[in-house]
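Engineer: After the structure tokens below, expect a handful of questions from me.
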Amino acid sequence: MKHRLSLVPAALAVVSLLAVAPVPDDGVPAYSHVIVIVEENKGYATVLDRGYAPNIARLAHDYGSATQMFAEVHPSEANYVAMLGGDTFGIHDDDAWSCVPRSADPACKGSGAADFVAHLIPGPNLASQIRARGLHWRAYLEDLPAPGSLAIVSPETATAPAALYAAKHTGFTNFATVHADPDLTDDLVGFDRLDADLHGSAFPEFALIVPNQCNEMHGIDSPKAPAGCGKTDAELVRRGDDEVGRLVGAIERAPFWSDPRANAAVVITWDEDGKADRVPGAPQSCCVVDAHNPGGGHIPTIVVTNHGPRGVADDTPYDHYSLLRTIEDALRLGGLLRHAADDSVRAMTPLFAVR
């Protein structure tokens with residue numbers, strides 16, 4: 001597959017796949033920090049072509065943009081699982097990580113389906129890879145009820161709606177090794193910890209940052225929802241754009257960002273596109289397609305680096321497995337998980353190249 005470099009104008013049944021494949025030479029430089037910010041339910045055109053997101057558009061123009069990036073499936077949860085585990089594992093709903101087939105739990109609405117699978121996944125994942133290399137990972141989850149919480153959603157309070165935090169937008173909580181992590185209260189944390197860590201000297205090598213459902217472009221239908229957390233694309237994207245601008249600005253002020261000896265990257269991506277972006281006949285997926293991965297749509301993905309490309313548009317077809325493969329390469333994790341090792345999946349090398 002080709003790429004173009006130019007100035008931007010825009011199931012548990014898979015146990016046999018759990019082996020970690022050797023890393024090929026993809027040419028991705030070594031990185032000291034990779035930070036992934038995930039936004040929700042908005043496609044490429046809505047975010048980058050309609051003028052709703054000036055901060056994100058500026059970052060895409062000034063740094064690097066993957067112009068042909070695709071999600072795996074609808075709805076959200078399996079896309080988070082894919083970017084951390086290299087497969088959707090047969091998940092094709094937003095049911096709780098605790099769900100098993102034929103569960104009576106109200107959080108397991110789809111569990112009566114014949115193809116429903118347990119949502120807690122065994123085997124290796126990005127967290128276990130990172131730990132095995134002696135490195136550190138951390139998920140910064142806005143409105144997480146408490147450090148290390150495995151809650152499905154955050155509760156309603158006197159001033160805030162329920163489900164500002166939702167585990168379906170976390171990914172890590174779907175993996176059994178994470179549940180068994182003795183340091184879980186240090187690995188699943190809120191945004192208060194993010195602010196403190198960015199000013200410290202021991203920021204993790206991999207960080208997943210997920211704003212709450214009002215700040216990630218998802219929205220909440222509640223009278224307690226704050227302004228801009230409604231259901232129109234324009235207001236949701238504008239609110240999310242403000243949050244992305246704040247987060248990237250804070251990261252760029254962190255000590256590691258200005259270190260001339262270390263490469264650092266922020267990846268801003270989306271879980272899936274929104275209904276407004278689905279054009280009949282247009283591609284909805286790339287790279288890996290199977291019965292459980294019919295495609296999650298064309299999504300924006302921007303890569304902001306401290307020493308890397310500037311003004312680059314890369315039109316190589318990528319998906320969440322490509323992002324996982326790139327993280328594994330950049331952090332020198334020594335292997336590729338599941339579909340990240342497929343010949344059809346390319347690392348995002350042009351967007352991580354060092355000047």
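Following the order of the structure tokens, chains are lettered A, B, ..., residues in each are numbered from 1, and ligands are numbered from 1.
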Please tabulate, as CSV, the residues of segment 98-204 of chain A that come within 10 Å of segment 70-88 of chain A, each with its closest pair of atoms and the distance in Å to one decimal, counting only C-alpha atoms and ordering rows by chain, then residue number upward.

Structural biologist:
```
residue,atom,partner,partner_atom,distance
A:His119,CA,A:Ala78,CA,9.6
A:Ile121,CA,A:Gly85,CA,9.1
A:Gly123,CA,A:Gly85,CA,9.0
A:Pro124,CA,A:Gly85,CA,7.3
A:Asn125,CA,A:Gly85,CA,4.6
A:Leu126,CA,A:Leu84,CA,5.3
A:Ala127,CA,A:Leu84,CA,7.8
A:Ser128,CA,A:Gly85,CA,9.9
A:Ala167,CA,A:Glu77,CA,8.6
A:Lys168,CA,A:Glu77,CA,5.0
A:His169,CA,A:Glu77,CA,6.1
A:Thr170,CA,A:Tyr80,CA,6.6
A:Gly171,CA,A:Tyr80,CA,4.7
A:Phe172,CA,A:Leu84,CA,7.2
A:Thr173,CA,A:Val81,CA,9.1
A:Asn174,CA,A:Val81,CA,7.0
A:Phe175,CA,A:Gly85,CA,8.5
```

Engineer: Take the residues just selected and output them with all heavy atoms as a short mmCIF file (atom, residue, chain, number, x, y, z; two decimals), in the first residue's frame.

Structural biologist:
```cif
data_model
loop_
_atom_site.label_atom_id
_atom_site.label_comp_id
_atom_site.auth_asym_id
_atom_site.auth_seq_id
_atom_site.Cartn_x
_atom_site.Cartn_y
_atom_site.Cartn_z
N HIS A 119 -17.51 -11.06 27.90
CA HIS A 119 -16.85 -9.79 27.59
C HIS A 119 -15.57 -9.55 28.40
O HIS A 119 -14.91 -8.53 28.18
CB HIS A 119 -17.83 -8.64 27.81
CG HIS A 119 -18.84 -8.48 26.71
ND1 HIS A 119 -19.31 -9.54 25.96
CD2 HIS A 119 -19.47 -7.37 26.21
CE1 HIS A 119 -20.19 -9.10 25.08
NE2 HIS A 119 -20.30 -7.79 25.20
N ILE A 121 -11.91 -10.79 28.77
CA ILE A 121 -11.09 -11.49 27.79
C ILE A 121 -9.79 -11.98 28.42
O ILE A 121 -9.07 -11.20 29.05
CB ILE A 121 -10.77 -10.54 26.62
CG1 ILE A 121 -12.07 -10.02 25.99
CG2 ILE A 121 -9.89 -11.22 25.58
CD1 ILE A 121 -11.88 -8.76 25.17
N GLY A 123 -5.83 -13.69 28.26
CA GLY A 123 -4.69 -13.61 27.37
C GLY A 123 -4.06 -12.23 27.29
O GLY A 123 -4.50 -11.27 27.92
N PRO A 124 -2.98 -12.11 26.52
CA PRO A 124 -2.19 -10.89 26.48
C PRO A 124 -2.91 -9.73 25.81
O PRO A 124 -3.82 -9.91 24.99
CB PRO A 124 -0.94 -11.29 25.68
CG PRO A 124 -1.39 -12.47 24.86
CD PRO A 124 -2.39 -13.19 25.70
N ASN A 125 -2.50 -8.55 26.18
CA ASN A 125 -3.05 -7.31 25.66
C ASN A 125 -1.96 -6.25 25.81
O ASN A 125 -0.86 -6.54 26.30
CB ASN A 125 -4.32 -6.93 26.41
CG ASN A 125 -4.10 -6.94 27.91
OD1 ASN A 125 -3.52 -6.01 28.47
ND2 ASN A 125 -4.53 -8.01 28.59
N LEU A 126 -2.25 -5.04 25.41
CA LEU A 126 -1.22 -4.01 25.46
C LEU A 126 -0.72 -3.77 26.88
O LEU A 126 0.49 -3.58 27.09
CB LEU A 126 -1.76 -2.71 24.87
CG LEU A 126 -0.75 -1.57 24.70
CD1 LEU A 126 0.43 -1.97 23.82
CD2 LEU A 126 -1.44 -0.32 24.12
N ALA A 127 -1.58 -3.83 27.87
CA ALA A 127 -1.16 -3.63 29.26
C ALA A 127 -0.18 -4.72 29.69
O ALA A 127 0.85 -4.43 30.32
CB ALA A 127 -2.37 -3.60 30.19
N SER A 128 -0.49 -5.97 29.37
CA SER A 128 0.41 -7.06 29.79
C SER A 128 1.72 -7.02 29.00
O SER A 128 2.79 -7.35 29.54
CB SER A 128 -0.28 -8.42 29.64
OG SER A 128 -0.61 -8.70 28.29
N ALA A 167 -17.56 2.46 31.36
CA ALA A 167 -16.50 1.46 31.14
C ALA A 167 -16.45 0.98 29.71
O ALA A 167 -15.39 0.53 29.24
CB ALA A 167 -16.70 0.28 32.09
N LYS A 168 -17.55 1.09 28.98
CA LYS A 168 -17.55 0.67 27.57
C LYS A 168 -16.60 1.52 26.73
O LYS A 168 -16.25 1.14 25.61
CB LYS A 168 -18.96 0.76 26.99
CG LYS A 168 -19.51 2.19 26.92
CD LYS A 168 -20.93 2.22 26.36
CE LYS A 168 -21.46 3.66 26.30
NZ LYS A 168 -22.82 3.72 25.72
N HIS A 169 -16.17 2.65 27.27
CA HIS A 169 -15.23 3.53 26.59
C HIS A 169 -13.84 3.48 27.24
O HIS A 169 -13.10 4.46 27.19
CB HIS A 169 -15.74 4.98 26.60
CG HIS A 169 -17.03 5.16 25.87
ND1 HIS A 169 -17.82 6.28 26.02
CD2 HIS A 169 -17.66 4.36 24.96
CE1 HIS A 169 -18.90 6.17 25.24
NE2 HIS A 169 -18.81 5.02 24.59
N THR A 170 -13.52 2.37 27.82
CA THR A 170 -12.24 2.23 28.54
C THR A 170 -11.33 1.20 27.90
O THR A 170 -10.13 1.39 27.80
CB THR A 170 -12.50 1.87 30.01
OG1 THR A 170 -13.32 2.86 30.61
CG2 THR A 170 -11.20 1.77 30.79
N GLY A 171 -11.88 0.05 27.49
CA GLY A 171 -11.07 -0.98 26.84
C GLY A 171 -10.30 -1.84 27.81
O GLY A 171 -10.45 -3.07 27.82
N PHE A 172 -9.47 -1.24 28.62
CA PHE A 172 -8.64 -2.03 29.54
C PHE A 172 -9.48 -2.88 30.48
O PHE A 172 -9.06 -3.98 30.87
CB PHE A 172 -7.74 -1.10 30.35
CG PHE A 172 -6.50 -0.64 29.62
CD1 PHE A 172 -6.25 0.71 29.46
CD2 PHE A 172 -5.59 -1.55 29.11
CE1 PHE A 172 -5.11 1.15 28.79
CE2 PHE A 172 -4.45 -1.12 28.44
CZ PHE A 172 -4.21 0.23 28.28
N THR A 173 -10.66 -2.41 30.89
CA THR A 173 -11.47 -3.18 31.84
C THR A 173 -12.06 -4.44 31.23
O THR A 173 -12.65 -5.26 31.94
CB THR A 173 -12.59 -2.32 32.44
OG1 THR A 173 -13.41 -1.79 31.38
CG2 THR A 173 -12.02 -1.17 33.25
N ASN A 174 -11.91 -4.64 29.93
CA ASN A 174 -12.36 -5.88 29.29
C ASN A 174 -11.33 -7.00 29.36
O ASN A 174 -11.60 -8.10 28.87
CB ASN A 174 -12.69 -5.63 27.82
CG ASN A 174 -13.99 -4.89 27.62
OD1 ASN A 174 -14.01 -3.66 27.54
ND2 ASN A 174 -15.11 -5.61 27.55
N PHE A 175 -10.16 -6.75 29.96
CA PHE A 175 -9.10 -7.76 29.97
C PHE A 175 -8.85 -8.31 31.37
O PHE A 175 -8.67 -7.55 32.33
CB PHE A 175 -7.82 -7.18 29.38
CG PHE A 175 -7.95 -6.87 27.91
CD1 PHE A 175 -8.21 -5.60 27.45
CD2 PHE A 175 -7.84 -7.90 26.97
CE1 PHE A 175 -8.37 -5.32 26.11
CE2 PHE A 175 -7.99 -7.64 25.61
CZ PHE A 175 -8.26 -6.35 25.18
#
```

Engineer: May I have all residues of segment 242-319 of chain A that DSSP, computed from the backbone, assigns to strand (DSSP E or B), given as a ChimeraX atom specification?

Structural biologist: /A:264-270,298-299,301-305,312-314,318-319

Engineer: Take the residues just selected and output them with C-alpha atoms as a tab-separated table (two decimals), in the first residue's frame.

Structural biologist:
```tsv
chain	number	residue	atom	x	y	z
A	264	ALA	CA	6.90	11.60	22.35
A	265	ALA	CA	3.60	11.40	20.48
A	266	VAL	CA	-0.06	12.19	21.09
A	267	VAL	CA	-2.56	10.29	18.94
A	268	ILE	CA	-6.07	11.71	18.77
A	269	THR	CA	-8.47	9.12	17.38
A	270	TRP	CA	-12.13	8.10	17.43
A	298	HIS	CA	-14.04	6.54	8.28
A	299	ILE	CA	-12.65	8.35	11.33
A	301	THR	CA	-6.79	10.33	13.46
A	302	ILE	CA	-4.18	13.00	14.16
A	303	VAL	CA	-0.63	12.32	15.33
A	304	VAL	CA	1.13	15.14	17.20
A	305	THR	CA	4.84	14.56	17.83
A	312	VAL	CA	1.83	15.62	6.72
A	313	ALA	CA	-1.19	13.90	5.22
A	314	ASP	CA	-0.79	10.13	5.02
A	318	TYR	CA	-5.15	2.25	8.49
A	319	ASP	CA	-7.40	0.94	11.26
```

Engineer: Rounded to one decimal, what separation in Å do you get between atom CA of Met217 of chain A and atom CA of Ile327 of chain A?

Structural biologist: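 Atom CA of Ile327 of chain A lies at a distance of 24.3 Å from atom CA of Met217 of chain A.
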
Engineer: Could you pull out all residues of segment 9-219 of chain A with a DSSP call of alpha helix (DSSP H) and give them as a ChimeraX atom specification?

Structural biologist: /A:44-48,54-62,77-85,126-132,176-179,184-187,191-198

Engineer: Can you tell me, as a ChimeraX atom specification, what residues are no more than 9 Å from Arg325 of chain A when counting only C-alpha atoms, ignoring any on the same chain fewer than 2 positions away?

Structural biologist: /A:23,83,86,320-323,327-330,335-337,339-341,345-348

Engineer: Write a file of the just-selected residues containing N, CA and C atoms, as a PDB file, in the first residue's frame.

Structural biologist:
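In the end it all went to selection_1.pdb:
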```
ATOM      1  N   VAL A  23       8.036  -8.858  15.984  1.00  0.00           N
ATOM      2  CA  VAL A  23       7.906  -7.548  15.344  1.00  0.00           C
ATOM      3  C   VAL A  23       8.755  -7.502  14.076  1.00  0.00           C
ATOM      4  N   MET A  83      -8.152  -1.833  19.736  1.00  0.00           N
ATOM      5  CA  MET A  83      -6.917  -1.051  19.758  1.00  0.00           C
ATOM      6  C   MET A  83      -6.003  -1.416  20.914  1.00  0.00           C
ATOM      7  N   GLY A  86      -5.938  -6.209  19.809  1.00  0.00           N
ATOM      8  CA  GLY A  86      -5.693  -6.743  18.490  1.00  0.00           C
ATOM      9  C   GLY A  86      -6.808  -7.585  17.914  1.00  0.00           C
ATOM     10  N   HIS A 320      -7.649   0.538  13.663  1.00  0.00           N
ATOM     11  CA  HIS A 320      -7.175   0.512  15.047  1.00  0.00           C
ATOM     12  C   HIS A 320      -6.055  -0.504  15.261  1.00  0.00           C
ATOM     13  N   TYR A 321      -6.044  -1.571  14.448  1.00  0.00           N
ATOM     14  CA  TYR A 321      -4.944  -2.532  14.548  1.00  0.00           C
ATOM     15  C   TYR A 321      -3.634  -1.904  14.078  1.00  0.00           C
ATOM     16  N   SER A 322      -3.714  -1.015  13.112  1.00  0.00           N
ATOM     17  CA  SER A 322      -2.524  -0.287  12.686  1.00  0.00           C
ATOM     18  C   SER A 322      -1.976   0.565  13.821  1.00  0.00           C
ATOM     19  N   LEU A 323      -2.859   1.209  14.555  1.00  0.00           N
ATOM     20  CA  LEU A 323      -2.427   2.017  15.692  1.00  0.00           C
ATOM     21  C   LEU A 323      -1.772   1.139  16.742  1.00  0.00           C
ATOM     22  N   ILE A 327       2.119   1.415  18.134  1.00  0.00           N
ATOM     23  CA  ILE A 327       2.480   1.578  19.552  1.00  0.00           C
ATOM     24  C   ILE A 327       3.457   0.485  19.970  1.00  0.00           C
ATOM     25  N   GLU A 328       3.180  -0.755  19.572  1.00  0.00           N
ATOM     26  CA  GLU A 328       4.057  -1.875  19.917  1.00  0.00           C
ATOM     27  C   GLU A 328       5.452  -1.666  19.338  1.00  0.00           C
ATOM     28  N   ASP A 329       5.522  -1.170  18.117  1.00  0.00           N
ATOM     29  CA  ASP A 329       6.814  -0.874  17.503  1.00  0.00           C
ATOM     30  C   ASP A 329       7.518   0.276  18.217  1.00  0.00           C
ATOM     31  N   ALA A 330       6.788   1.369  18.428  1.00  0.00           N
ATOM     32  CA  ALA A 330       7.397   2.579  18.984  1.00  0.00           C
ATOM     33  C   ALA A 330       7.930   2.367  20.392  1.00  0.00           C
ATOM     34  N   GLY A 335       6.721  -7.681  20.233  1.00  0.00           N
ATOM     35  CA  GLY A 335       5.746  -8.565  19.620  1.00  0.00           C
ATOM     36  C   GLY A 335       4.526  -7.808  19.152  1.00  0.00           C
ATOM     37  N   LEU A 336       3.719  -8.464  18.337  1.00  0.00           N
ATOM     38  CA  LEU A 336       2.501  -7.875  17.803  1.00  0.00           C
ATOM     39  C   LEU A 336       1.316  -8.753  18.175  1.00  0.00           C
ATOM     40  N   LEU A 337       0.256  -8.164  18.668  1.00  0.00           N
ATOM     41  CA  LEU A 337      -0.907  -8.903  19.123  1.00  0.00           C
ATOM     42  C   LEU A 337      -1.894  -9.176  17.993  1.00  0.00           C
ATOM     43  N   HIS A 339      -4.360  -9.409  15.258  1.00  0.00           N
ATOM     44  CA  HIS A 339      -4.469  -8.791  13.938  1.00  0.00           C
ATOM     45  C   HIS A 339      -3.433  -7.702  13.686  1.00  0.00           C
ATOM     46  N   ALA A 340      -2.814  -7.192  14.734  1.00  0.00           N
ATOM     47  CA  ALA A 340      -1.744  -6.221  14.518  1.00  0.00           C
ATOM     48  C   ALA A 340      -0.591  -6.834  13.739  1.00  0.00           C
ATOM     49  N   ALA A 341      -0.500  -8.167  13.737  1.00  0.00           N
ATOM     50  CA  ALA A 341       0.563  -8.868  13.010  1.00  0.00           C
ATOM     51  C   ALA A 341       0.165  -9.244  11.586  1.00  0.00           C
ATOM     52  N   VAL A 345      -2.091  -5.223   7.628  1.00  0.00           N
ATOM     53  CA  VAL A 345      -2.087  -4.110   8.586  1.00  0.00           C
ATOM     54  C   VAL A 345      -0.721  -3.435   8.549  1.00  0.00           C
ATOM     55  N   ARG A 346      -0.710  -2.138   8.313  1.00  0.00           N
ATOM     56  CA  ARG A 346       0.535  -1.390   8.212  1.00  0.00           C
ATOM     57  C   ARG A 346       0.751  -0.524   9.440  1.00  0.00           C
ATOM     58  N   ALA A 347       1.980  -0.425   9.898  1.00  0.00           N
ATOM     59  CA  ALA A 347       2.316   0.550  10.939  1.00  0.00           C
ATOM     60  C   ALA A 347       2.216   1.948  10.368  1.00  0.00           C
ATOM     61  N   MET A 348       1.933   2.910  11.226  1.00  0.00           N
ATOM     62  CA  MET A 348       1.738   4.298  10.801  1.00  0.00           C
ATOM     63  C   MET A 348       3.078   5.042  10.772  1.00  0.00           C
TER      64      MET A 348
END
```

Engineer: Rank nothing, just name the residue among A:Asp343, A:Asp95, A:Glu156, A:Asp115 nearest to Pro223 of chain A, using only C-alpha atoms.

Structural biologist: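 The answer is A:Glu156, which sits nearest to Pro223 of chain A.
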
Engineer: If you measure from atom CA of Arg278 of chain A to atom CA of Ala45 of chain A, what distance in Å do you get, rounded to one decimal?

Structural biologist: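 If I compute the distance from atom CA of Arg278 of chain A to atom CA of Ala45 of chain A, I get 9.8 Å.
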